[in-house]
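Have a look at input.csv below; it lists CSV, C-alpha atoms.
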```csv
chain,number,residue,atom,x,y,z
A,1,MET,CA,0.0,0.0,0.0
A,2,ASP,CA,1.0,3.7,-0.3
A,3,PRO,CA,1.7,5.7,2.9
A,4,LEU,CA,-1.7,7.4,3.1
A,5,SER,CA,-3.5,4.1,2.8
A,6,ASP,CA,-1.1,2.6,5.4
A,7,VAL,CA,-1.9,5.2,8.0
A,8,LEU,CA,-5.7,5.2,7.4
A,9,SER,CA,-5.7,1.4,7.6
A,10,LEU,CA,-3.8,1.6,10.9
A,11,LEU,CA,-6.3,4.1,12.2
A,12,LYS,CA,-9.0,1.5,11.2
A,13,PRO,CA,-11.7,4.2,10.6
A,14,ARG,CA,-15.3,2.9,10.8
A,15,SER,CA,-18.4,4.9,10.2
A,16,TYR,CA,-20.5,5.4,13.3
A,17,VAL,CA,-23.0,7.6,11.6
A,18,SER,CA,-23.8,8.5,8.0
A,19,SER,CA,-26.6,11.0,7.9
A,20,GLY,CA,-27.9,14.4,6.6
A,21,PHE,CA,-28.5,17.8,8.1
A,22,ASP,CA,-31.3,20.1,6.7
A,23,ALA,CA,-31.4,23.6,8.2
A,24,GLY,CA,-33.6,26.7,7.5
A,25,GLY,CA,-33.4,30.3,8.6
A,26,ASP,CA,-30.8,31.5,11.1
A,27,TRP,CA,-28.9,28.9,13.2
A,28,SER,CA,-25.6,28.3,14.9
A,29,ILE,CA,-24.4,25.0,16.5
A,30,GLN,CA,-21.4,24.3,18.6
A,31,PHE,CA,-19.8,20.8,18.5
A,32,GLY,CA,-17.6,19.8,21.4
A,33,ASP,CA,-14.4,17.7,21.5
A,34,GLN,CA,-14.9,14.9,19.0
A,35,ASN,CA,-12.8,12.3,20.9
A,36,GLU,CA,-10.5,11.2,18.1
A,37,ARG,CA,-13.1,11.1,15.3
A,38,ILE,CA,-12.7,12.1,11.7
A,39,LYS,CA,-15.6,14.1,10.1
A,40,CYS,CA,-16.2,14.0,6.4
A,41,TYR,CA,-19.0,16.0,4.9
A,42,ALA,CA,-20.3,17.6,1.6
A,43,VAL,CA,-22.6,20.6,1.2
A,44,VAL,CA,-25.4,19.7,-1.1
A,45,SER,CA,-27.2,23.1,-1.1
A,46,GLY,CA,-26.9,26.5,0.5
A,47,GLY,CA,-24.0,27.8,2.5
A,48,CYS,CA,-22.7,28.2,6.1
A,49,TRP,CA,-19.6,29.1,8.1
A,50,LEU,CA,-17.2,26.6,9.7
A,51,ALA,CA,-15.0,27.7,12.6
A,52,VAL,CA,-12.6,25.2,14.1
A,53,GLU,CA,-10.9,25.7,17.5
A,54,ASP,CA,-7.3,27.0,17.2
A,55,VAL,CA,-7.7,27.7,13.5
A,56,PRO,CA,-7.4,31.5,13.1
A,57,HIS,CA,-9.9,32.0,10.2
A,58,ALA,CA,-13.4,30.7,9.7
A,59,VAL,CA,-14.1,28.9,6.4
A,60,ARG,CA,-17.1,29.7,4.2
A,61,LEU,CA,-18.7,26.6,2.8
A,62,GLU,CA,-20.9,26.7,-0.3
A,63,SER,CA,-22.9,24.3,-2.3
A,64,GLY,CA,-20.6,21.6,-3.8
A,65,ASP,CA,-17.9,22.0,-1.2
A,66,CYS,CA,-16.5,19.1,0.8
A,67,PHE,CA,-14.7,19.3,4.0
A,68,VAL,CA,-12.9,16.9,6.4
A,69,LEU,CA,-12.1,17.5,10.0
A,70,PRO,CA,-9.5,14.9,11.0
A,71,SER,CA,-8.2,16.4,14.3
A,72,GLY,CA,-11.2,15.9,16.5
A,73,ARG,CA,-11.1,19.6,17.7
A,74,PRO,CA,-14.3,21.4,18.7
A,75,PHE,CA,-15.9,23.3,15.9
A,76,ARG,CA,-19.0,25.4,15.0
A,77,LEU,CA,-21.3,25.4,12.0
A,78,ALA,CA,-23.5,28.5,11.6
A,79,SER,CA,-25.5,30.5,9.1
A,80,ASP,CA,-24.0,33.6,10.8
A,81,LEU,CA,-21.0,33.4,13.2
A,82,CYS,CA,-22.4,36.4,15.1
A,83,LEU,CA,-25.3,34.3,16.3
A,84,ARG,CA,-25.1,32.7,19.8
A,85,PRO,CA,-24.5,29.0,19.3
A,86,VAL,CA,-26.5,26.2,20.9
A,87,GLU,CA,-24.9,22.9,21.9
A,88,ALA,CA,-25.1,20.1,19.4
A,89,GLY,CA,-26.6,17.8,22.0
A,90,THR,CA,-29.7,19.9,22.1
A,91,VAL,CA,-30.3,19.6,18.3
A,92,PHE,CA,-29.2,16.1,17.4
A,93,PRO,CA,-30.8,12.9,18.7
A,94,PRO,CA,-28.8,9.8,19.9
A,95,ALA,CA,-26.7,8.2,17.2
A,96,ARG,CA,-28.3,6.0,14.6
A,97,ALA,CA,-27.5,5.1,11.0
A,98,GLY,CA,-29.0,7.1,8.2
A,99,GLY,CA,-31.8,9.7,8.3
A,100,VAL,CA,-31.9,13.5,8.1
A,101,VAL,CA,-32.0,15.9,11.1
A,102,THR,CA,-34.1,19.0,10.3
A,103,VAL,CA,-33.6,22.4,12.0
A,104,ASN,CA,-36.0,25.4,11.6
A,105,GLY,CA,-38.0,23.5,9.0
A,106,GLY,CA,-35.0,23.0,6.7
A,107,GLY,CA,-34.9,24.1,3.1
A,108,ASP,CA,-31.9,26.6,3.1
A,109,PHE,CA,-28.9,24.4,3.8
A,110,PHE,CA,-28.3,20.6,3.3
A,111,LEU,CA,-25.3,18.7,4.4
A,112,VAL,CA,-24.5,14.9,4.0
A,113,GLY,CA,-21.6,12.9,5.3
A,114,SER,CA,-20.2,10.7,8.0
A,115,ARG,CA,-18.1,10.7,11.1
A,116,PHE,CA,-15.5,8.0,11.8
A,117,ALA,CA,-14.3,6.6,15.1
A,118,VAL,CA,-10.7,5.5,15.0
A,119,SER,CA,-9.1,2.7,17.0
A,120,GLY,CA,-5.8,2.5,18.7
A,121,GLN,CA,-4.2,4.1,21.7
A,122,HIS,CA,-2.1,6.3,19.6
A,123,ALA,CA,-4.8,7.3,17.1
A,124,GLY,CA,-4.5,10.9,18.4
A,125,THR,CA,-0.8,11.0,17.4
A,126,LEU,CA,-1.7,9.9,13.9
A,127,LEU,CA,-4.6,12.3,13.6
A,128,ARG,CA,-2.4,15.3,14.6
A,129,THR,CA,-0.3,14.7,11.5
A,130,LEU,CA,-3.3,15.4,9.3
A,131,PRO,CA,-4.5,19.0,8.6
A,132,PRO,CA,-7.2,20.4,11.0
A,133,ILE,CA,-9.4,21.3,8.0
A,134,VAL,CA,-9.4,19.8,4.5
A,135,HIS,CA,-11.6,22.1,2.4
A,136,ILE,CA,-12.3,21.0,-1.2
A,137,HIS,CA,-13.8,24.0,-3.0
A,138,LYS,CA,-12.3,23.9,-6.6
A,139,GLU,CA,-15.0,23.0,-9.1
A,140,SER,CA,-12.7,20.5,-10.8
A,141,ASP,CA,-12.1,18.7,-7.5
A,142,GLN,CA,-15.7,18.8,-6.5
A,143,ALA,CA,-16.6,16.9,-9.7
A,144,ALA,CA,-14.4,14.0,-8.5
A,145,LEU,CA,-16.6,13.7,-5.3
A,146,ARG,CA,-20.0,14.5,-6.9
A,147,TRP,CA,-21.0,10.9,-7.6
A,148,SER,CA,-20.3,9.8,-4.0
A,149,VAL,CA,-22.3,12.7,-2.6
A,150,GLU,CA,-25.3,12.2,-4.9
A,151,ARG,CA,-25.4,8.5,-4.2
A,152,MET,CA,-25.2,9.1,-0.5
A,153,MET,CA,-28.1,11.5,-0.7
A,154,GLN,CA,-30.1,8.8,-2.5
A,155,GLU,CA,-29.3,6.3,0.2
A,156,LEU,CA,-30.3,8.7,3.0
A,157,ARG,CA,-33.6,9.9,1.4
A,158,GLU,CA,-34.7,6.5,0.0
A,159,PRO,CA,-33.3,3.8,2.4
A,160,GLN,CA,-33.2,0.3,0.9
A,161,PRO,CA,-31.7,-3.0,2.1
A,162,GLY,CA,-28.0,-2.5,2.5
A,163,SER,CA,-28.2,1.3,2.6
A,164,PHE,CA,-26.1,1.5,5.8
A,165,LEU,CA,-23.2,-0.5,4.3
A,166,ILE,CA,-23.3,1.5,1.0
A,167,ALA,CA,-23.3,4.8,2.9
A,168,GLN,CA,-20.4,3.6,5.0
A,169,HIS,CA,-18.3,2.7,1.9
A,170,LEU,CA,-19.2,6.0,0.2
A,171,ALA,CA,-18.1,7.9,3.2
A,172,HIS,CA,-14.7,6.1,3.2
A,173,MET,CA,-14.3,7.0,-0.4
A,174,MET,CA,-15.1,10.6,0.3
A,175,LEU,CA,-12.5,10.7,3.1
A,176,VAL,CA,-9.7,9.3,1.0
A,177,GLN,CA,-10.6,11.3,-2.1
A,178,ALA,CA,-10.7,14.6,-0.1
A,179,LEU,CA,-7.3,13.9,1.5
A,180,ARG,CA,-5.9,13.0,-1.9
A,181,LEU,CA,-7.2,16.2,-3.5
A,182,HIS,CA,-5.9,18.3,-0.6
A,183,LEU,CA,-2.4,16.9,-1.3
A,184,ALA,CA,-2.7,18.1,-4.8
A,185,ASP,CA,-3.6,21.7,-3.6
A,186,GLU,CA,-1.2,24.3,-2.3
A,187,VAL,CA,0.6,22.7,0.7
A,188,GLU,CA,4.0,24.5,0.4
A,189,GLY,CA,5.6,25.4,3.7
A,190,ARG,CA,3.4,23.0,5.8
A,191,VAL,CA,5.3,20.6,8.0
A,192,GLY,CA,4.4,16.9,8.6
A,193,TRP,CA,4.5,13.6,6.9
A,194,PHE,CA,1.1,14.2,5.3
A,195,PHE,CA,2.2,17.4,3.6
A,196,ALA,CA,5.5,15.7,2.7
A,197,LEU,CA,3.6,13.3,0.5
A,198,ALA,CA,3.0,16.1,-1.9
A,199,ASP,CA,6.8,16.4,-2.4
A,200,LYS,CA,8.0,13.8,-4.9
A,201,GLN,CA,11.4,13.4,-3.3
A,202,MET,CA,10.1,13.1,0.3
A,203,SER,CA,7.2,10.9,-0.8
A,204,ALA,CA,9.7,8.5,-2.5
A,205,ALA,CA,11.6,8.0,0.7
A,206,ILE,CA,8.6,7.7,2.9
A,207,THR,CA,7.0,5.2,0.5
A,208,ALA,CA,10.2,3.1,0.5
A,209,MET,CA,10.2,3.0,4.3
A,210,HIS,CA,6.5,2.0,4.4
A,211,ALA,CA,7.0,-0.7,1.7
A,212,ASP,CA,9.8,-2.4,3.7
A,213,PRO,CA,9.9,-1.3,7.3
A,214,ALA,CA,12.1,-4.2,8.3
A,215,ARG,CA,15.0,-3.2,6.0
A,216,ARG,CA,18.1,-1.8,7.6
A,217,TRP,CA,17.7,1.5,5.8
A,218,THR,CA,20.6,3.9,5.8
A,219,LEU,CA,20.5,7.6,5.2
A,220,GLN,CA,22.4,7.1,2.0
A,221,GLU,CA,19.9,4.6,0.7
A,222,LEU,CA,16.9,6.8,1.4
A,223,ALA,CA,18.7,9.8,-0.2
A,224,GLU,CA,19.2,7.7,-3.3
A,225,ARG,CA,15.5,6.9,-3.4
A,226,ALA,CA,14.8,10.6,-3.3
A,227,CYS,CA,17.5,11.3,-5.9
A,228,MET,CA,19.3,13.6,-3.6
A,229,SER,CA,22.7,13.9,-1.9
A,230,ARG,CA,22.8,12.5,1.6
A,231,SER,CA,23.2,15.9,3.4
A,232,ALA,CA,20.6,17.7,1.3
A,233,PHE,CA,18.1,14.9,1.8
A,234,ALA,CA,18.6,14.9,5.6
A,235,MET,CA,18.1,18.6,5.8
A,236,LYS,CA,15.0,18.6,3.6
A,237,PHE,CA,13.4,15.6,5.3
A,238,LYS,CA,13.7,17.2,8.7
A,239,ALA,CA,12.4,20.6,7.5
A,240,THR,CA,9.5,19.0,5.6
A,241,VAL,CA,8.4,16.1,7.9
A,242,GLY,CA,9.5,17.6,11.2
A,243,GLU,CA,11.8,14.8,12.3
A,244,THR,CA,14.8,13.0,11.0
A,245,PRO,CA,14.4,10.0,8.5
A,246,MET,CA,15.6,7.5,11.1
A,247,ASP,CA,13.3,8.9,13.8
A,248,TYR,CA,10.4,8.7,11.4
A,249,LEU,CA,11.3,5.1,10.4
A,250,THR,CA,11.5,4.1,14.1
A,251,ARG,CA,8.2,5.7,15.0
A,252,TRP,CA,6.5,4.0,12.0
A,253,ARG,CA,7.9,0.7,13.0
A,254,MET,CA,6.6,1.1,16.6
A,255,LEU,CA,3.1,2.1,15.4
A,256,LEU,CA,3.0,-1.1,13.3
A,257,ALA,CA,4.2,-3.0,16.3
A,258,ALA,CA,1.6,-1.5,18.5
A,259,ASP,CA,-1.1,-2.5,16.0
A,260,ARG,CA,0.2,-6.1,16.0
A,261,LEU,CA,0.4,-6.2,19.8
A,262,ALA,CA,-3.2,-4.9,20.2
A,263,ASN,CA,-4.8,-7.0,17.4
A,264,SER,CA,-3.0,-10.3,17.1
A,265,ASN,CA,-1.5,-13.0,19.3
A,266,ASP,CA,1.9,-12.8,17.6
A,267,PRO,CA,4.8,-13.2,20.1
A,268,ILE,CA,7.1,-10.2,20.6
A,269,SER,CA,10.0,-12.1,19.1
A,270,ILE,CA,8.1,-12.5,15.8
A,271,ILE,CA,7.0,-8.9,15.7
A,272,ALA,CA,10.5,-7.6,16.5
A,273,LEU,CA,12.0,-9.7,13.7
A,274,SER,CA,9.4,-8.7,11.2
A,275,LEU,CA,10.3,-5.0,11.8
A,276,GLY,CA,14.1,-5.5,11.5
A,277,TYR,CA,15.1,-6.1,15.1
A,278,GLU,CA,17.3,-9.1,15.7
A,279,SER,CA,16.9,-9.1,19.5
A,280,ASP,CA,13.9,-8.6,21.7
A,281,ALA,CA,15.9,-6.3,23.9
A,282,ALA,CA,16.6,-3.8,21.1
A,283,PHE,CA,13.0,-3.9,20.0
A,284,SER,CA,11.7,-3.4,23.6
A,285,THR,CA,14.0,-0.5,24.2
A,286,ALA,CA,12.9,1.3,20.9
A,287,PHE,CA,9.2,0.5,21.7
A,288,LYS,CA,9.4,1.9,25.2
A,289,ARG,CA,11.2,5.0,24.0
A,290,LYS,CA,8.5,5.8,21.4
A,291,MET,CA,5.3,4.4,22.9
A,292,GLY,CA,5.9,5.1,26.6
A,293,CYS,CA,5.7,1.5,28.0
A,294,ALA,CA,7.2,-2.0,27.4
A,295,PRO,CA,5.7,-4.1,24.6
A,296,ARG,CA,4.3,-6.7,27.1
A,297,GLN,CA,2.6,-4.0,29.1
A,298,TYR,CA,1.1,-2.5,26.0
A,299,ALA,CA,-0.2,-5.9,24.8
A,300,ARG,CA,-1.8,-6.6,28.2
A,301,ASN,CA,-3.5,-3.2,28.2
A,302,ARG,CA,-4.6,-3.2,24.5
A,303,ASN,CA,-5.1,-6.8,23.3
A,304,PRO,CA,-8.9,-7.5,23.3
A,305,VAL,CA,-8.2,-11.1,24.3
A,306,LEU,CA,-6.5,-9.9,27.4
A,307,ALA,CA,-8.7,-6.9,28.0
A,308,SER,CA,-12.2,-7.8,27.1
A,309,SER,CA,-13.6,-4.6,28.6
A,310,ALA,CA,-12.2,-2.6,25.7
A,311,GLY,CA,-15.0,-3.7,23.4
A,312,GLU,CA,-17.6,-2.8,26.0
A,313,GLY,CA,-16.2,0.7,26.2
A,314,ALA,CA,-16.4,1.1,22.4
A,315,ALA,CA,-20.0,-0.1,22.4
A,316,HIS,CA,-20.9,2.4,25.1
A,317,SER,CA,-19.4,5.3,23.2
A,318,GLN,CA,-21.4,4.3,20.2
A,319,THR,CA,-24.7,4.6,22.0
A,320,THR,CA,-24.1,7.8,23.9
A,321,ASP,CA,-23.0,10.0,21.0
A,322,GLY,CA,-25.3,12.1,18.8
A,323,TYR,CA,-25.4,12.3,15.1
A,324,TYR,CA,-22.5,14.6,14.6
```

Could you write out this structure as structure tokens?
Amino acid sequence: MDPLSDVLSLLKPRSYVSSGFDAGGDWSIQFGDQNERIKCYAVVSGGCWLAVEDVPHAVRLESGDCFVLPSGRPFRLASDLCLRPVEAGTVFPPARAGGVVTVNGGGDFFLVGSRFAVSGQHAGTLLRTLPPIVHIHKESDQAALRWSVERMMQELREPQPGSFLIAQHLAHMMLVQALRLHLADEVEGRVGWFFALADKQMSAAITAMHADPARRWTLQELAERACMSRSAFAMKFKATVGETPMDYLTRWRMLLAADRLANSNDPISIIALSLGYESDAAFSTAFKRKMGCAPRQYARNRNPVLASSAGEGAAHSQTTDGYY
């Protein structure tokens, strides 16, 4: 797989809710901390304002626009940001699949999309590497998402057998497509592995590490993949990604290891060897340095076989959240 697919697969996004929002008149709704959820929506008709916590400027959304909120930060949607917002919990009912929530009789603004819960103790770390707002507003880019949006509208308005599963897959497609289109937009000067994927030289090195994480990569080998000198590559990688190539490689290996420890019964020795570590001790040292605890402790805390209550917690969160 490519690096973006690798990370999204590691996050294991699953759609808790695919639904619609139909608003009329004046309205303003405040959404709290999203608890490591990714939001992916498309404006079908009308327009509104989007304000995300710690993002200096609000974004105007118009018909045809798509937007993704990967960071889980609190945000506000409003017809007018000067209006006093109401809490989302007072507007949206308990979570359920499909359907349309109507405010003030609807008719002026219509939004469709999904939110995704992500699994993994370090999901927050991965989500912080994505931009806080992905706004798709170019007409040529919107065309690439139009089919998914129109089909999702049909599934919401005219539910049929299998509609929930279709809406879920459509939402996943919208998420990946929006992130892909964002990479093709202006990302110059932004720091992080996600933005580095837009740079052909950095992307080549990152792709090589993801394709073979167990290989004993050297700085020279990675520089050759990027078609750069060793020193120029090291400087550009640090400036673009925000960490050294070797630090990035180690962190990616440990995230892969954490996923295996949490979701398989593979022994530590097998996981260590598959990621290029010849001794359990070297692997354990690297894991503890990056993840904050020893591999065995992590496995005890995260493996569902060893900690059956984890599934019960996830089920509880699914029933207590509202639509958005």

Residue with smallest distance to A:Asp6 - pool A:Thr250, A:Thr207, A:Ser148, A:Thr285, counting all atoms listed in the file: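 Using all atoms listed in the file, A:Asp6 sits closest to A:Thr207.
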
Polymer residues at most 9 Å from (-33.7, 29.6, 11.9) by all atoms listed in the file, as an mmCIF file with C-alpha atoms, keeping the file's coordinate frame:
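The resulting file, point.cif, is shown below:
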```cif
data_model
loop_
_atom_site.group_PDB
_atom_site.id
_atom_site.type_symbol
_atom_site.label_atom_id
_atom_site.label_comp_id
_atom_site.auth_asym_id
_atom_site.auth_seq_id
_atom_site.Cartn_x
_atom_site.Cartn_y
_atom_site.Cartn_z
ATOM 1 C CA ALA A 23 -31.400 23.600 8.200
ATOM 2 C CA GLY A 24 -33.600 26.700 7.500
ATOM 3 C CA GLY A 25 -33.400 30.300 8.600
ATOM 4 C CA ASP A 26 -30.800 31.500 11.100
ATOM 5 C CA TRP A 27 -28.900 28.900 13.200
ATOM 6 C CA SER A 28 -25.600 28.300 14.900
ATOM 7 C CA SER A 79 -25.500 30.500 9.100
ATOM 8 C CA VAL A 103 -33.600 22.400 12.000
ATOM 9 C CA ASN A 104 -36.000 25.400 11.600
ATOM 10 C CA GLY A 105 -38.000 23.500 9.000
ATOM 11 C CA GLY A 106 -35.000 23.000 6.700
#
```

Within-12 Å shell of (-0.6, 20.8, 3.2) in input frame, all atoms listed in the file, as JSON, numbers by chain: {"A": [129, 130, 131, 132, 133, 134, 135, 179, 180, 181, 182, 183, 184, 185, 186, 187, 188, 189, 190, 191, 192, 193, 194, 195, 196, 197, 198, 199, 240, 241]}

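If you measure from each of A:Lys138, A:His210, A:Arg251, A:Arg84 to A:Asp65 using all atoms listed in the file, the closest one turns out to be A:Lys138.
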
Measuring between only C-alpha atoms, which one of A:Met202, A:Val59, A:Ala234, A:Leu255 shows the shortest distance to A:Ser9?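 Counting only C-alpha atoms, the residue closest to A:Ser9 is A:Leu255.
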
Using only C-alpha atoms, which residues sit within 8 Å of stretch 294-301 of chain A once same-chain residues fewer than 3 positions away are excluded, as a PyMOL selection string? chain A and resi 258+261-262+268+284-285+287-288+306-307

Å distance separating atom CA of A:Gly64 from atom CA of A:Leu126, one decimal place: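 Here the two named atoms are 28.4 Å from each other.
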
Residues within 7 Å of stretch 31-37 of chain A, please, as a short mmCIF file (atom, residue, chain, number, x, y, z; two decimals) with C-alpha atoms, in the coordinates of the input. Count all atoms listed in the file; anything in the same chain fewer than 2 positions from it doesn't count.
```cif
data_model
loop_
_atom_site.label_atom_id
_atom_site.label_comp_id
_atom_site.auth_asym_id
_atom_site.auth_seq_id
_atom_site.Cartn_x
_atom_site.Cartn_y
_atom_site.Cartn_z
CA ILE A 29 -24.40 25.00 16.50
CA LYS A 39 -15.60 14.10 10.10
CA PRO A 70 -9.50 14.90 11.00
CA SER A 71 -8.20 16.40 14.30
CA GLY A 72 -11.20 15.90 16.50
CA ARG A 73 -11.10 19.60 17.70
CA PRO A 74 -14.30 21.40 18.70
CA PHE A 75 -15.90 23.30 15.90
CA ARG A 76 -19.00 25.40 15.00
CA GLU A 87 -24.90 22.90 21.90
CA ALA A 88 -25.10 20.10 19.40
CA ARG A 115 -18.10 10.70 11.10
CA PHE A 116 -15.50 8.00 11.80
CA ALA A 117 -14.30 6.60 15.10
CA VAL A 118 -10.70 5.50 15.00
CA ALA A 123 -4.80 7.30 17.10
CA GLY A 124 -4.50 10.90 18.40
#
```

So how many Å separate atom CA of A:Phe109 and atom CA of A:Met174, to one decimal?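 Between these atoms lies a distance of 19.8 Å.
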
Computed gap from atom CA of A:Val52 to atom CA of A:Cys82 is 14.9 Å

Rank nothing, just name the residue among A:Gly46, A:Gly99, A:Pro213, A:Gly276 nearest to A:Tyr248, using only C-alpha atoms. A:Pro213

Mind checking which residues fall within 7 Å of A:Trp49, counting only C-alpha atoms, ignoring those fewer than 5 positions away in the same chain, and posting them as a ChimeraX atom specification? /A:58-61,77-81
